[in-house]
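As provided, query-v1.cif (mmCIF, C-alpha atoms) reads as follows.
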```cif
data_start
#
loop_
_atom_site.label_atom_id
_atom_site.label_comp_id
_atom_site.auth_asym_id
_atom_site.auth_seq_id
_atom_site.Cartn_x
_atom_site.Cartn_y
_atom_site.Cartn_z
CA MET E 1 0.00 0.00 0.00
CA ALA E 2 1.45 3.34 -1.02
CA LYS E 3 2.02 5.85 1.73
CA LYS E 4 0.47 9.25 1.25
CA ILE E 5 3.00 12.08 1.15
CA GLY E 6 2.94 13.99 4.40
CA ALA E 7 1.06 11.22 6.20
CA ASP E 8 1.90 10.21 9.75
CA ARG E 9 3.88 13.23 10.85
CA ARG E 10 4.10 11.70 14.36
CA ARG E 11 6.46 9.02 13.06
CA SER E 12 9.65 8.51 14.97
CA THR E 13 12.81 9.83 13.42
CA THR E 14 16.47 9.06 13.85
CA SER E 15 17.83 12.59 14.17
CA LEU E 16 16.95 15.64 16.20
CA PRO E 17 17.00 17.90 13.11
CA GLY E 18 14.53 15.56 11.38
CA ALA E 19 12.31 15.45 14.46
CA LEU E 20 12.51 19.22 14.81
CA GLY E 21 11.53 19.70 11.17
CA ALA E 22 8.56 17.36 11.59
CA GLU E 23 7.47 19.21 14.73
CA LEU E 24 7.66 22.58 13.00
CA THR E 25 5.69 21.21 10.06
CA ASP E 26 2.99 19.87 12.38
CA ARG E 27 2.69 23.15 14.23
CA ARG E 28 2.45 25.07 10.96
CA THR E 29 -0.26 22.83 9.53
CA LYS E 30 -2.21 22.83 12.81
CA ALA E 31 -2.14 26.63 12.65
CA GLY E 32 -3.62 26.35 9.16
CA TRP E 33 -0.69 28.08 7.48
CA SER E 34 1.02 27.19 4.24
CA GLN E 35 4.80 27.37 4.05
CA GLN E 36 4.32 30.59 2.09
CA ALA E 37 2.12 32.12 4.81
CA LEU E 38 4.59 31.20 7.55
CA ALA E 39 7.53 32.48 5.51
CA GLU E 40 5.79 35.82 5.00
CA ARG E 41 4.91 36.03 8.70
CA LEU E 42 8.55 35.39 9.65
CA GLY E 43 10.15 37.41 6.86
CA TYR E 44 11.95 34.38 5.40
CA ASP E 45 12.01 32.87 1.95
CA VAL E 46 9.50 30.04 1.50
CA ASN E 47 12.29 27.76 0.27
CA TYR E 48 14.21 28.31 3.50
CA VAL E 49 11.16 27.36 5.58
CA GLY E 50 10.80 24.17 3.52
CA GLN E 51 14.48 23.33 3.92
CA ILE E 52 14.20 23.70 7.70
CA GLU E 53 11.10 21.50 7.79
CA ARG E 54 12.89 18.83 5.72
CA ALA E 55 16.03 19.14 7.89
CA GLU E 56 18.09 20.19 4.88
CA LYS E 57 19.21 23.41 6.62
CA SER E 58 20.14 24.02 10.24
CA PRO E 59 18.33 27.10 11.51
CA SER E 60 20.03 29.60 13.79
CA LEU E 61 18.83 30.16 17.34
CA THR E 62 17.29 33.44 16.21
CA THR E 63 15.35 31.65 13.49
CA LEU E 64 14.09 29.01 15.93
CA ILE E 65 12.97 31.73 18.32
CA SER E 66 11.07 33.34 15.42
CA PHE E 67 9.28 30.04 14.76
CA ALA E 68 8.42 29.62 18.45
CA THR E 69 7.07 33.17 18.62
CA ALA E 70 4.95 32.63 15.52
CA PHE E 71 3.50 29.46 17.08
CA ASP E 72 2.95 31.26 20.41
CA THR E 73 5.02 28.76 22.34
CA SER E 74 8.44 28.46 23.89
CA LEU E 75 11.51 27.13 22.18
CA SER E 76 11.88 24.58 24.97
CA GLU E 77 8.39 23.20 24.23
CA ILE E 78 9.28 22.79 20.56
CA PHE E 79 12.51 20.96 21.43
CA LYS E 80 10.74 18.78 24.00
CA ALA E 81 8.13 17.74 21.43
CA ALA E 82 10.85 17.11 18.84
CA GLU E 83 12.82 14.91 21.26
CA GLU E 84 9.67 12.87 21.91
CA ARG E 85 9.60 12.06 18.18
CA LEU E 86 13.03 10.44 18.25
CA SER E 87 13.09 6.72 17.72
CA PRO E 88 13.24 4.60 20.88
CA ARG E 89 16.56 3.16 19.68
CA ARG E 90 18.18 6.61 19.58
CA LEU E 91 16.75 7.52 22.98
CA MET E 92 18.19 4.31 24.40
CA LYS E 93 21.66 5.18 23.06
CA ARG E 94 21.43 8.64 24.63
CA SER E 95 20.46 7.24 28.04
CA LEU E 96 23.40 4.80 28.01
CA ARG E 97 25.98 7.58 27.68
#
```

Could I get this structure in the form of structure tokens?
Amino acid sequence: MAKKIGADRRRSTTSLPGALGAELTDRRTKAGWSQQALAERLGYDVNYVGQIERAEKSPSLTTLISFATAFDTSLSEIFKAAEERLSPRRLMKRSLR
């Protein structure tokens, strides 16, 4: 069965950047915004927003704060939600360190 593009955004991921991108995508879609609408709200190029969501670019702290402000939440809440998306295997490795 073919998987629909964009389906199951709560899937676990293997990297924090990937999990962060998925979390930002979820928050944007829950707000009812397109990438274009969010980019305009933040003053960024729509391609940059997409690259962050796909974990192709690493956003600066200032950029992440802009996202958190747009979503009316704290940066720590975004990171906490992103960490919860990490695969159990990765979490296990982190706890063994």

(request) Pick out the residues sitting within 12 Å of Ser34 (chain E), and hand them over as a PyMOL selection string; count all atoms listed in the file, and ignore anything fewer than 4 positions along from it in its own chain. (result) chain E and resi 24-30+38-41+46-47+49-50

Atoms kept (C-alpha atoms) for selection, written as a PDB file, in the frame of the given file:
```
ATOM      1  CA  LEU E  24       7.660  22.580  13.000  1.00  0.00           C
ATOM      2  CA  THR E  25       5.690  21.210  10.060  1.00  0.00           C
ATOM      3  CA  ASP E  26       2.990  19.870  12.380  1.00  0.00           C
ATOM      4  CA  ARG E  27       2.690  23.150  14.230  1.00  0.00           C
ATOM      5  CA  ARG E  28       2.450  25.070  10.960  1.00  0.00           C
ATOM      6  CA  THR E  29      -0.260  22.830   9.530  1.00  0.00           C
ATOM      7  CA  LYS E  30      -2.210  22.830  12.810  1.00  0.00           C
ATOM      8  CA  LEU E  38       4.590  31.200   7.550  1.00  0.00           C
ATOM      9  CA  ALA E  39       7.530  32.480   5.510  1.00  0.00           C
ATOM     10  CA  GLU E  40       5.790  35.820   5.000  1.00  0.00           C
ATOM     11  CA  ARG E  41       4.910  36.030   8.700  1.00  0.00           C
ATOM     12  CA  VAL E  46       9.500  30.040   1.500  1.00  0.00           C
ATOM     13  CA  ASN E  47      12.290  27.760   0.270  1.00  0.00           C
ATOM     14  CA  VAL E  49      11.160  27.360   5.580  1.00  0.00           C
ATOM     15  CA  GLY E  50      10.800  24.170   3.520  1.00  0.00           C
TER      16      GLY E  50
END
```

(message) Applying 12 Å and all atoms listed in the file, which residues near Phe67 (chain E) remain after dropping the ones on its own chain fewer than 2 positions away? List them as JSON, numbers by chain.
(response) {"E": [20, 21, 23, 24, 25, 27, 28, 35, 38, 39, 40, 41, 42, 43, 44, 49, 52, 53, 59, 60, 61, 62, 63, 64, 65, 69, 70, 71, 72, 73, 74, 75, 76, 77, 78, 79]}

Residues of region 39-78 of chain E within 9 Å of region 14-17 of chain E: nearest atom pair and distance (Å, one decimal) for each, counting all atoms listed in the file, sorted by chain and number, as a Markdown table?
```
| residue | atom | partner | partner_atom | distance |
| --- | --- | --- | --- | --- |
| E:Ile52 | CA | E:Pro17 | CA | 8.4 |
| E:Glu53 | CA | E:Pro17 | CA | 8.7 |
| E:Arg54 | CA | E:Pro17 | CA | 8.5 |
| E:Ala55 | CA | E:Pro17 | CA | 5.5 |
| E:Glu56 | CA | E:Pro17 | CA | 8.6 |
| E:Lys57 | CA | E:Pro17 | CA | 8.8 |
| E:Ser58 | CA | E:Pro17 | CA | 7.5 |
```

(request) Grab the CA of Asp45 (chain E) to CA of Gly18 (chain E) distance for me, in Å with one decimal place. (result)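 Interatomic distance, CA of Asp45 (chain E) to CA of Gly18 (chain E): 19.9 Å.
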
(request) Please measure the separation of CA of Leu86 (chain E) and CA of Ala31 (chain E), giving the value in Å to one decimal. (result)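 Separation of CA of Leu86 (chain E) and CA of Ala31 (chain E): 22.9 Å.
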